[in-house]
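Engineer: This is query.csv, which holds CSV, C-alpha atoms and all ligand atoms:
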```csv
chain,number,residue,atom,x,y,z
Z,1,MET,CA,-55.2,58.9,10.1
Z,2,LYS,CA,-57.1,55.7,9.5
Z,3,ASP,CA,-57.6,56.5,5.9
Z,4,GLU,CA,-54.0,57.5,5.7
Z,5,ILE,CA,-52.9,54.1,7.1
Z,6,LEU,CA,-55.0,52.2,4.6
Z,7,ARG,CA,-53.8,54.3,1.7
Z,8,VAL,CA,-50.1,53.7,2.7
Z,9,GLN,CA,-50.9,50.0,3.1
Z,10,ASN,CA,-52.6,49.7,-0.3
Z,11,GLU,CA,-49.9,51.7,-2.0
Z,12,ALA,CA,-47.2,49.5,-0.5
Z,13,LEU,CA,-49.0,46.3,-1.5
Z,14,ALA,CA,-49.5,47.5,-5.0
Z,15,MET,CA,-45.8,48.3,-5.3
Z,16,ILE,CA,-44.9,44.9,-4.0
Z,17,HIS,CA,-47.3,43.3,-6.4
Z,18,ALA,CA,-45.8,45.2,-9.3
Z,19,ALA,CA,-42.2,44.4,-8.4
Z,20,ASN,CA,-40.7,42.0,-10.8
Z,21,ASP,CA,-37.1,41.7,-9.6
Z,22,GLU,CA,-35.2,41.8,-6.3
Z,23,ARG,CA,-34.3,45.5,-6.7
Z,24,SER,CA,-37.8,46.8,-7.2
Z,25,LEU,CA,-39.0,44.6,-4.3
Z,26,ASP,CA,-36.3,46.1,-2.1
Z,27,GLU,CA,-37.4,49.5,-3.1
Z,28,ALA,CA,-41.0,48.8,-2.1
Z,29,ARG,CA,-39.7,47.7,1.3
Z,30,VAL,CA,-37.7,50.9,1.8
Z,31,VAL,CA,-40.5,53.1,0.7
Z,32,SER,CA,-42.9,51.7,3.2
Z,33,LEU,CA,-41.0,50.1,6.1
Z,34,GLY,CA,-37.6,51.9,5.7
Z,35,LYS,CA,-36.4,54.5,8.2
Z,36,LYS,CA,-38.0,57.2,6.1
Z,37,GLY,CA,-40.7,55.0,4.8
Z,38,SER,CA,-44.4,56.0,4.7
Z,39,LEU,CA,-45.6,53.5,7.4
Z,40,THR,CA,-42.6,54.4,9.6
Z,41,ALA,CA,-43.7,58.1,9.4
Z,42,LEU,CA,-47.2,57.2,10.4
Z,43,SER,CA,-45.9,55.1,13.4
Z,44,MET,CA,-44.0,58.1,14.6
Z,45,ALA,CA,-47.2,60.2,14.4
Z,46,MET,CA,-48.7,57.9,17.0
Z,47,LYS,CA,-47.6,60.1,19.8
Z,48,ASP,CA,-50.0,62.9,18.5
Z,49,VAL,CA,-53.0,60.5,18.3
Z,50,PRO,CA,-55.6,61.2,21.1
Z,51,LYS,CA,-55.5,58.7,23.8
Z,52,GLU,CA,-58.9,57.2,23.2
Z,53,GLN,CA,-57.9,56.4,19.6
Z,54,LYS,CA,-54.5,55.0,20.3
Z,55,VAL,CA,-55.5,51.3,20.6
Z,56,GLU,CA,-57.5,51.3,17.4
Z,57,ILE,CA,-54.9,53.2,15.4
Z,58,GLY,CA,-52.1,51.1,16.9
Z,59,GLN,CA,-53.9,47.9,15.8
Z,60,LEU,CA,-54.3,49.3,12.3
Z,61,LEU,CA,-50.7,50.2,12.1
Z,62,ASN,CA,-49.6,46.8,13.3
Z,63,GLY,CA,-52.0,45.2,10.8
Z,64,ALA,CA,-50.6,47.2,8.0
Z,65,ARG,CA,-47.0,46.3,8.9
Z,66,ALA,CA,-47.9,42.6,9.2
Z,67,ALA,CA,-49.7,42.7,5.8
Z,68,ILE,CA,-46.8,44.5,4.1
Z,69,THR,CA,-44.1,42.2,5.7
Z,70,ALA,CA,-46.1,39.1,4.7
Z,71,SER,CA,-46.5,40.3,1.2
Z,72,LEU,CA,-42.8,41.1,0.9
Z,73,GLU,CA,-41.9,37.7,2.0
Z,74,GLU,CA,-44.3,36.0,-0.3
Z,75,LYS,CA,-43.0,38.0,-3.3
Z,76,GLN,CA,-39.4,37.3,-2.3
Z,77,LEU,CA,-40.1,33.6,-2.5
Z,78,ALA,CA,-42.0,33.9,-5.8
Z,79,LEU,CA,-39.1,35.8,-7.3
Z,80,GLN,CA,-36.6,33.2,-6.0
Z,81,ASN,CA,-38.7,30.5,-7.6
Z,82,ILE,CA,-38.6,32.2,-10.9
Z,83,THR,CA,-34.8,32.6,-10.8
Z,84,ASP,CA,-34.4,29.0,-9.8
Z,85,ARG,CA,-36.6,27.8,-12.6
Z,86,ALA,CA,-34.8,29.9,-15.1
Z,87,SER,CA,-31.4,28.5,-14.1
Z,88,VAL,CA,-32.6,24.9,-14.9
Z,89,ALA,CA,-34.7,25.9,-18.0
Z,90,GLY,CA,-34.1,23.5,-20.9
Z,91,ILE,CA,-32.8,20.8,-18.6
Z,92,ASP,CA,-34.8,17.6,-18.7
Z,93,ALA,CA,-34.4,16.0,-15.3
Z,94,THR,CA,-36.1,12.8,-16.5
Z,95,LEU,CA,-33.2,12.0,-18.9
Z,96,PRO,CA,-30.9,9.2,-17.8
Z,97,ALA,CA,-27.8,10.4,-15.9
Z,98,ARG,CA,-24.6,10.7,-17.9
Z,99,ALA,CA,-22.3,7.7,-17.3
Z,100,LEU,CA,-19.3,8.4,-15.0
Z,101,HIS,CA,-16.1,7.4,-16.6
Z,102,THR,CA,-14.3,5.3,-14.0
Z,103,GLY,CA,-10.8,4.1,-14.7
Z,104,GLY,CA,-9.8,0.4,-14.8
Z,105,LEU,CA,-6.6,-1.5,-14.3
Z,106,HIS,CA,-4.3,-1.9,-17.3
Z,107,PRO,CA,-4.3,-5.5,-18.6
Z,108,LEU,CA,-0.6,-5.9,-17.7
Z,109,THR,CA,-1.4,-4.8,-14.2
Z,110,LEU,CA,-4.3,-7.3,-14.0
Z,111,LEU,CA,-2.1,-10.1,-15.3
Z,112,ARG,CA,0.8,-9.3,-13.0
Z,113,GLU,CA,-1.5,-9.2,-9.9
Z,114,ARG,CA,-3.0,-12.5,-10.8
Z,115,ALA,CA,0.4,-14.1,-11.5
Z,116,VAL,CA,1.9,-12.7,-8.3
Z,117,GLY,CA,-1.2,-13.9,-6.4
Z,118,ILE,CA,-0.8,-17.4,-7.6
Z,119,LEU,CA,2.9,-17.6,-6.8
Z,120,ARG,CA,2.5,-16.0,-3.4
Z,121,ARG,CA,0.0,-18.7,-2.5
Z,122,MET,CA,2.7,-21.2,-3.5
Z,123,GLY,CA,5.1,-19.7,-1.0
Z,124,PHE,CA,7.1,-17.2,-3.0
Z,125,ALA,CA,7.7,-13.8,-1.5
Z,126,LEU,CA,7.9,-10.5,-3.4
Z,127,ALA,CA,11.3,-9.1,-4.1
Z,128,ASP,CA,12.7,-6.1,-6.0
Z,129,GLY,CA,15.9,-4.7,-7.4
Z,130,PRO,CA,17.2,-1.6,-9.2
Z,131,GLU,CA,16.4,-1.0,-12.9
Z,132,ILE,CA,19.7,0.8,-13.3
Z,133,GLU,CA,22.0,-2.1,-12.7
Z,134,ASP,CA,25.7,-2.9,-12.7
Z,135,GLU,CA,27.4,-5.5,-15.0
Z,136,PHE,CA,28.2,-7.7,-12.0
Z,137,HIS,CA,24.6,-8.2,-11.0
Z,138,CYS,CA,23.2,-8.3,-14.5
Z,139,PHE,CA,25.9,-10.5,-16.1
Z,140,ASP,CA,29.1,-11.5,-14.3
Z,141,ALA,CA,27.4,-13.1,-11.3
Z,142,LEU,CA,25.0,-14.8,-13.7
Z,143,ASN,CA,27.8,-16.6,-15.4
Z,144,THR,CA,27.4,-14.4,-18.5
Z,145,PRO,CA,30.9,-13.9,-20.1
Z,146,ALA,CA,32.2,-10.6,-21.5
Z,147,ASP,CA,31.7,-11.7,-25.1
Z,148,HIS,CA,28.0,-12.6,-24.6
Z,149,PRO,CA,25.8,-10.8,-27.2
Z,150,ALA,CA,23.6,-9.4,-24.4
Z,151,ARG,CA,26.6,-7.4,-23.2
Z,152,ASN,CA,27.1,-5.7,-26.6
Z,153,VAL,CA,26.2,-1.9,-26.7
Z,154,LYS,CA,24.1,-2.7,-29.7
Z,155,ASP,CA,21.8,-4.8,-27.5
Z,156,THR,CA,21.8,-3.0,-24.2
Z,157,PHE,CA,21.4,0.6,-22.9
Z,158,TYR,CA,24.6,1.6,-21.2
Z,159,PHE,CA,25.3,4.8,-19.2
Z,160,ASP,CA,28.6,6.5,-19.3
Z,161,SER,CA,29.2,5.3,-15.7
Z,162,GLY,CA,29.3,1.8,-17.0
Z,163,LYS,CA,25.9,1.0,-15.4
Z,164,LEU,CA,23.1,-0.1,-17.6
Z,165,LEU,CA,19.3,-0.5,-17.8
Z,166,ARG,CA,18.9,-4.1,-16.7
Z,167,THR,CA,18.3,-6.4,-19.7
Z,168,HIS,CA,16.4,-8.9,-17.5
Z,169,THR,CA,15.1,-9.2,-14.0
Z,170,SER,CA,17.5,-12.1,-13.3
Z,171,SER,CA,19.8,-9.6,-11.6
Z,172,VAL,CA,17.3,-9.6,-8.6
Z,173,GLN,CA,18.2,-13.2,-8.0
Z,174,VAL,CA,21.8,-12.2,-7.3
Z,175,ARG,CA,20.8,-9.2,-5.1
Z,176,MET,CA,18.5,-11.3,-3.0
Z,177,MET,CA,21.0,-14.1,-2.5
Z,178,GLU,CA,23.5,-11.5,-1.4
Z,179,LYS,CA,21.1,-10.2,1.2
Z,180,THR,CA,19.4,-13.4,2.5
Z,181,ILE,CA,20.4,-16.9,3.5
Z,182,PRO,CA,18.7,-20.0,2.0
Z,183,PRO,CA,16.1,-21.3,2.0
Z,184,LEU,CA,15.0,-18.6,-0.4
Z,185,ARG,CA,11.8,-18.4,-2.4
Z,186,ILE,CA,11.2,-15.1,-4.2
Z,187,ILE,CA,9.5,-13.6,-7.2
Z,188,ALA,CA,10.4,-10.2,-8.7
Z,189,PRO,CA,8.1,-8.6,-11.3
Z,190,GLY,CA,9.7,-5.6,-13.0
Z,191,THR,CA,10.7,-3.8,-16.1
Z,192,ALA,CA,13.6,-4.9,-18.4
Z,193,TYR,CA,15.2,-3.0,-21.3
Z,194,ARG,CA,16.8,-4.0,-24.6
Z,195,ARG,CA,17.8,-2.2,-27.8
Z,196,ASP,CA,15.2,-4.2,-29.7
Z,197,GLU,CA,13.5,-2.9,-32.8
Z,198,ILE,CA,9.8,-2.4,-31.8
Z,199,ASP,CA,7.4,-4.6,-33.7
Z,200,SER,CA,4.3,-6.6,-33.0
Z,201,THR,CA,6.2,-8.9,-30.6
Z,202,HIS,CA,9.0,-6.7,-29.3
Z,203,LEU,CA,9.2,-3.6,-27.1
Z,204,SER,CA,12.4,-1.9,-25.9
Z,205,ALA,CA,11.0,-1.6,-22.4
Z,206,PHE,CA,9.0,-4.6,-21.3
Z,207,HIS,CA,8.0,-6.6,-18.2
Z,208,GLN,CA,9.3,-9.8,-16.7
Z,209,LEU,CA,8.5,-11.9,-13.7
Z,210,GLU,CA,11.5,-13.5,-12.2
Z,211,GLY,CA,11.4,-16.4,-9.8
Z,212,LEU,CA,14.1,-18.2,-7.7
Z,213,TYR,CA,13.9,-21.1,-5.2
Z,214,VAL,CA,17.0,-22.2,-3.4
Z,215,ASP,CA,17.1,-24.8,-0.7
Z,216,ARG,CA,18.6,-28.3,0.0
Z,217,ASP,CA,17.5,-30.9,-2.6
Z,218,VAL,CA,15.5,-28.6,-4.9
Z,219,SER,CA,15.2,-30.7,-8.0
Z,220,LEU,CA,14.1,-30.5,-11.7
Z,221,PRO,CA,10.7,-32.1,-10.9
Z,222,ASP,CA,10.1,-29.3,-8.4
Z,223,LEU,CA,10.7,-26.8,-11.1
Z,224,LYS,CA,8.5,-28.6,-13.6
Z,225,GLY,CA,5.6,-29.2,-11.1
Z,226,THR,CA,5.7,-25.6,-9.9
Z,227,LEU,CA,5.6,-23.9,-13.3
Z,228,GLU,CA,3.1,-26.3,-14.7
Z,229,ALA,CA,0.8,-25.8,-11.8
Z,230,PHE,CA,1.3,-22.0,-12.1
Z,231,LEU,CA,0.5,-21.9,-15.9
Z,232,ARG,CA,-2.5,-24.2,-15.5
Z,233,GLU,CA,-3.9,-22.0,-12.8
Z,234,LEU,CA,-3.3,-18.9,-14.9
Z,235,PHE,CA,-4.6,-20.2,-18.2
Z,236,GLY,CA,-6.9,-23.0,-17.2
Z,237,ALA,CA,-6.6,-26.6,-16.1
Z,238,GLN,CA,-6.6,-28.0,-19.6
Z,239,THR,CA,-3.6,-25.8,-20.7
Z,240,ALA,CA,-0.9,-27.9,-22.5
Z,241,VAL,CA,2.6,-27.0,-21.3
Z,242,ARG,CA,5.9,-28.1,-22.8
Z,243,PHE,CA,9.5,-27.8,-21.6
Z,244,ARG,CA,12.0,-27.5,-24.5
Z,245,PRO,CA,15.8,-27.8,-23.8
Z,246,HIS,CA,17.6,-24.5,-24.3
Z,247,PHE,CA,20.6,-22.7,-23.1
Z,248,PHE,CA,21.0,-19.9,-20.5
Z,249,PRO,CA,24.4,-19.1,-18.9
Z,250,PHE,CA,22.9,-19.0,-15.4
Z,251,THR,CA,21.1,-22.4,-15.4
Z,252,GLU,CA,22.0,-25.9,-16.2
Z,253,PRO,CA,20.0,-27.7,-17.5
Z,254,SER,CA,17.9,-24.9,-19.1
Z,255,PHE,CA,14.6,-24.9,-20.8
Z,256,GLU,CA,12.2,-22.7,-22.6
Z,257,ILE,CA,8.5,-23.2,-21.6
Z,258,ASP,CA,5.9,-23.2,-24.3
Z,259,VAL,CA,2.1,-23.0,-23.8
Z,260,LYS,CA,-0.3,-24.3,-26.5
Z,261,LEU,CA,-2.4,-21.5,-27.7
Z,262,GLU,CA,-5.8,-22.6,-29.2
Z,263,VAL,CA,-7.8,-19.9,-30.8
Z,264,LYS,CA,-11.0,-20.8,-32.5
Z,265,GLY,CA,-10.6,-20.9,-36.2
Z,266,GLN,CA,-6.8,-21.1,-36.0
Z,267,ALA,CA,-4.4,-24.0,-36.0
Z,268,PRO,CA,-3.0,-24.5,-32.4
Z,269,ARG,CA,0.4,-22.9,-31.9
Z,270,TRP,CA,3.1,-23.4,-29.2
Z,271,ILE,CA,4.0,-20.0,-27.7
Z,272,GLU,CA,7.2,-19.5,-25.7
Z,273,VAL,CA,6.3,-17.9,-22.3
Z,274,ALA,CA,9.4,-18.4,-20.1
Z,275,GLY,CA,12.9,-19.4,-19.6
Z,276,CYS,CA,13.9,-21.5,-16.7
Z,277,GLY,CA,16.4,-24.1,-15.3
Z,278,MET,CA,18.4,-25.3,-12.4
Z,279,VAL,CA,20.7,-22.6,-11.0
Z,280,ASP,CA,24.2,-23.1,-12.4
Z,281,PRO,CA,26.8,-23.8,-9.6
Z,282,ALA,CA,28.8,-21.0,-11.1
Z,283,VAL,CA,26.1,-18.5,-10.0
Z,284,PHE,CA,26.2,-19.9,-6.5
Z,285,GLU,CA,30.0,-19.6,-6.5
Z,286,ALA,CA,29.8,-15.9,-7.6
Z,287,VAL,CA,27.3,-15.2,-4.8
Z,288,CYS,CA,29.5,-17.0,-2.2
Z,289,GLN,CA,32.4,-14.8,-3.3
Z,290,SER,CA,30.3,-11.6,-3.2
Z,291,ARG,CA,28.9,-12.5,0.3
Z,292,GLY,CA,32.3,-13.7,1.6
Z,293,ASP,CA,30.8,-16.9,3.1
Z,294,ARG,CA,29.7,-20.4,2.0
Z,295,LYS,CA,25.9,-20.0,2.6
Z,296,TYR,CA,25.2,-20.8,-1.0
Z,297,ASP,CA,27.8,-23.5,-1.4
Z,298,PRO,CA,26.7,-25.4,-4.5
Z,299,GLU,CA,27.7,-28.7,-2.7
Z,300,GLN,CA,25.0,-27.9,-0.1
Z,301,VAL,CA,22.2,-26.1,-1.9
Z,302,THR,CA,20.4,-26.4,-5.3
Z,303,GLY,CA,17.8,-24.2,-6.8
Z,304,PHE,CA,15.6,-23.5,-9.8
Z,305,ALA,CA,15.0,-20.1,-11.5
Z,306,PHE,CA,12.6,-18.9,-14.1
Z,307,GLY,CA,11.8,-15.7,-15.9
Z,308,MET,CA,8.7,-15.0,-17.9
Z,309,GLY,CA,7.6,-12.2,-20.2
Z,310,LEU,CA,4.4,-10.5,-18.7
Z,311,GLU,CA,3.4,-9.0,-22.1
Z,312,ARG,CA,3.6,-12.5,-23.6
Z,313,LEU,CA,1.4,-13.9,-20.9
Z,314,ALA,CA,-1.1,-11.1,-21.4
Z,315,MET,CA,-1.1,-11.7,-25.1
Z,316,ILE,CA,-1.9,-15.4,-24.6
Z,317,GLN,CA,-4.5,-14.7,-21.9
Z,318,TRP,CA,-6.6,-12.3,-24.0
Z,319,GLY,CA,-5.6,-13.3,-27.6
Z,320,ILE,CA,-3.8,-9.9,-28.1
Z,321,ARG,CA,-2.1,-10.0,-31.5
Z,322,ASP,CA,0.1,-6.9,-31.3
Z,323,ILE,CA,2.2,-6.1,-28.2
Z,324,ARG,CA,2.2,-2.4,-29.1
Z,325,LEU,CA,-1.5,-2.3,-28.1
Z,326,LEU,CA,-0.3,-2.6,-24.5
Z,327,ILE,CA,1.6,0.7,-24.6
Z,328,GLU,CA,-0.5,2.8,-26.9
Z,329,ASN,CA,-3.0,4.0,-24.3
Z,330,ASP,CA,-5.9,3.6,-26.7
Z,331,VAL,CA,-9.0,3.6,-24.5
Z,332,ARG,CA,-11.0,1.6,-27.0
Z,333,PHE,CA,-8.6,-1.2,-26.4
Z,334,LEU,CA,-8.1,-0.6,-22.7
Z,335,ARG,CA,-11.8,-0.3,-21.9
Z,336,GLN,CA,-12.3,-4.0,-22.7
Z,337,PHE,CA,-10.4,-4.9,-19.6
Z,338,ALA,CA,-12.0,-2.4,-17.1
J,1,LIG,N1,16.6,-13.8,-18.0
J,1,LIG,C1,16.2,-14.6,-19.2
J,1,LIG,C2,15.8,-13.7,-20.3
J,1,LIG,O1,15.6,-12.5,-20.1
J,1,LIG,C3,15.0,-15.4,-18.8
J,1,LIG,C4,15.3,-16.5,-17.8
J,1,LIG,C5,15.8,-17.7,-18.2
J,1,LIG,C6,15.3,-16.2,-16.4
J,1,LIG,C7,16.1,-18.7,-17.4
J,1,LIG,C8,15.6,-17.2,-15.5
J,1,LIG,C9,16.0,-18.5,-16.0
J,1,LIG,O2,15.6,-17.1,-14.2
J,1,LIG,O3,16.4,-19.4,-15.1
J,1,LIG,O4,15.6,-14.1,-21.4
```
Show me the file's structure as structure tokens.
Structural biologist:
Amino acid sequence: MKDEILRVQNEALAMIHAANDERSLDEARVVSLGKKGSLTALSMAMKDVPKEQKVEIGQLLNGARAAITASLEEKQLALQNITDRASVAGIDATLPARALHTGGLHPLTLLRERAVGILRRMGFALADGPEIEDEFHCFDALNTPADHPARNVKDTFYFDSGKLLRTHTSSVQVRMMEKTIPPLRIIAPGTAYRRDEIDSTHLSAFHQLEGLYVDRDVSLPDLKGTLEAFLRELFGAQTAVRFRPHFFPFTEPSFEIDVKLEVKGQAPRWIEVAGCGMVDPAVFEAVCQSRGDRKYDPEQVTGFAFGMGLERLAMIQWGIRDIRLLIENDVRFLRQFA
């Protein structure tokens, strides 16, 4: 019996040693420790062992079981190790990690956030209006007569319903005055649409930032000071700003604002960045009619308004030469701002 135990133990250990995968290792376990295994059979034979030998044989059996179990576990670990190693074979863990591509904000978004941030600190609140607009809010209330070129179907996207894609964000001025009483100080960044030929300075869908300030005694110096301060904060304290007389139906007087662009190696150029002016009394009258009260009586209130092109501002800010770069989604371009 003793010899038999040792033989079974050695046989099992040899089998375990020879096992080179999970399956053959499991087989070694079944053959020795399984229900019908060799060591199990010997354990069952214990009942026939004479009493005086029981202790000794019992110890031998336990020893054999312990040795086989330990060997099985050890081999199991060794095999696992081999599989683990194989799965990372050829991988050099000392190489630098691959860079994660994180996204960044689009330059137009960056610029809009900065512009909005500056104007909010100056006391302007954010406002919004629909992109699908009616002619009243886009034109009539803004003192823009029916024969104005902006109202031509050649220049504007009309729907069959008579509504249109707003040609400027100035419509938000009217909507906000209809909804709120003065004093009113709002900015409205948003998309505007025109049937423009797309080229290096024109897109058919582009972005504007509209502003409106209405109160008692708002004056032209307020307009000039506000916008100069804004542009200097955006582009730097040394930025040269110029107000050029112009015409807009909804302001009187009206101006275009130019910023002096100085790029190294180029002659300085004046670039138009915004339209602005003192709100035309005719606009206040239209609002009064629409509201059905005199809260915006042009004898009582005055105001200034402005509208700037966000793409323009971005082009100046970063010296971008072609507006189309802003919509082409070329990551080589966009990555520079991330
Ligand atoms: N709406 C004008 C445009 O799209 C820009 C503009 C000019 C807005 C003067 C204004 C303004 O608020 O007062 O060309």
Engineer: Which residues of chain Z come within 6 Å of ligand LIG 1 (chain J), and what is each one's closest atom pair and distance in Å (one decimal), counting all atoms listed in the file, sorted by chain and residue number, as a tab-separated table?
Structural biologist:
```
residue	atom	partner	partner_atom	distance
Z:His168	CA	J:LIG1	O1	4.5
Z:Ser170	CA	J:LIG1	N1	5.1
Z:Glu210	CA	J:LIG1	O2	5.8
Z:Phe248	CA	J:LIG1	C7	5.9
Z:Thr251	CA	J:LIG1	O3	5.6
Z:Gly275	CA	J:LIG1	C5	3.6
Z:Cys276	CA	J:LIG1	C7	3.6
Z:Gly277	CA	J:LIG1	O3	4.7
Z:Ala305	CA	J:LIG1	O3	3.9
Z:Phe306	CA	J:LIG1	O2	3.5
Z:Gly307	CA	J:LIG1	C6	3.6
```
Engineer: Save the residues we just selected, C-alpha atoms, as an mmCIF file, in the frame of the given file?
Structural biologist:
```cif
data_model
loop_
_atom_site.group_PDB
_atom_site.id
_atom_site.type_symbol
_atom_site.label_atom_id
_atom_site.label_comp_id
_atom_site.auth_asym_id
_atom_site.auth_seq_id
_atom_site.Cartn_x
_atom_site.Cartn_y
_atom_site.Cartn_z
ATOM 1 C CA HIS Z 168 16.400 -8.900 -17.500
ATOM 2 C CA SER Z 170 17.500 -12.100 -13.300
ATOM 3 C CA GLU Z 210 11.500 -13.500 -12.200
ATOM 4 C CA PHE Z 248 21.000 -19.900 -20.500
ATOM 5 C CA THR Z 251 21.100 -22.400 -15.400
ATOM 6 C CA GLY Z 275 12.900 -19.400 -19.600
ATOM 7 C CA CYS Z 276 13.900 -21.500 -16.700
ATOM 8 C CA GLY Z 277 16.400 -24.100 -15.300
ATOM 9 C CA ALA Z 305 15.000 -20.100 -11.500
ATOM 10 C CA PHE Z 306 12.600 -18.900 -14.100
ATOM 11 C CA GLY Z 307 11.800 -15.700 -15.900
#
```
Engineer: Nearest to Z:Ile316: which of Z:Leu223, Z:Val287, Z:Val88, Z:Leu111 is it, counting only C-alpha atoms?
Structural biologist: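 Once distances to Z:Ile316 are computed over only C-alpha atoms, the minimum belongs to Z:Leu111.
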Engineer: Quick one: distance from atom CA of Z:Asp322 to atom CA of Z:Leu261 in Å, one decimal?
Structural biologist: 15.2 Å
Engineer: Can you tell me, as a VMD selection string, what residues are no more than 10 Å from stretch 41-48 of chain Z when counting only C-alpha atoms, ignoring any on the same chain fewer than 6 positions away?
Structural biologist: chain Z and resid 1 4 to 5 8 32 to 35 54 57 to 58 61 to 62 65
Engineer: Find the residues around Z:Val301 up to 12 Å (all atoms listed in the file counted), leave out those fewer than 2 positions away in its own chain, and share them as number ranges by chain.
Structural biologist: Z: 181-184, 213-219, 278-281, 283-285, 288, 294-299, 303-304
Engineer: Which residue out of Z:Ala267, Z:Leu234, Z:Ala314, Z:Leu326 has the minimum interatomic distance to Z:Ile118 when only C-alpha atoms are used?
Structural biologist: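 Among the listed residues, the smallest separation from Z:Ile118 belongs to Z:Leu234.
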Engineer: So how far away is atom CA of Z:Ala127 from atom CA of Z:Met176, in Å?
Structural biologist: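 If I compute the distance from atom CA of Z:Met176 to atom CA of Z:Ala127, I get 7.6 Å.
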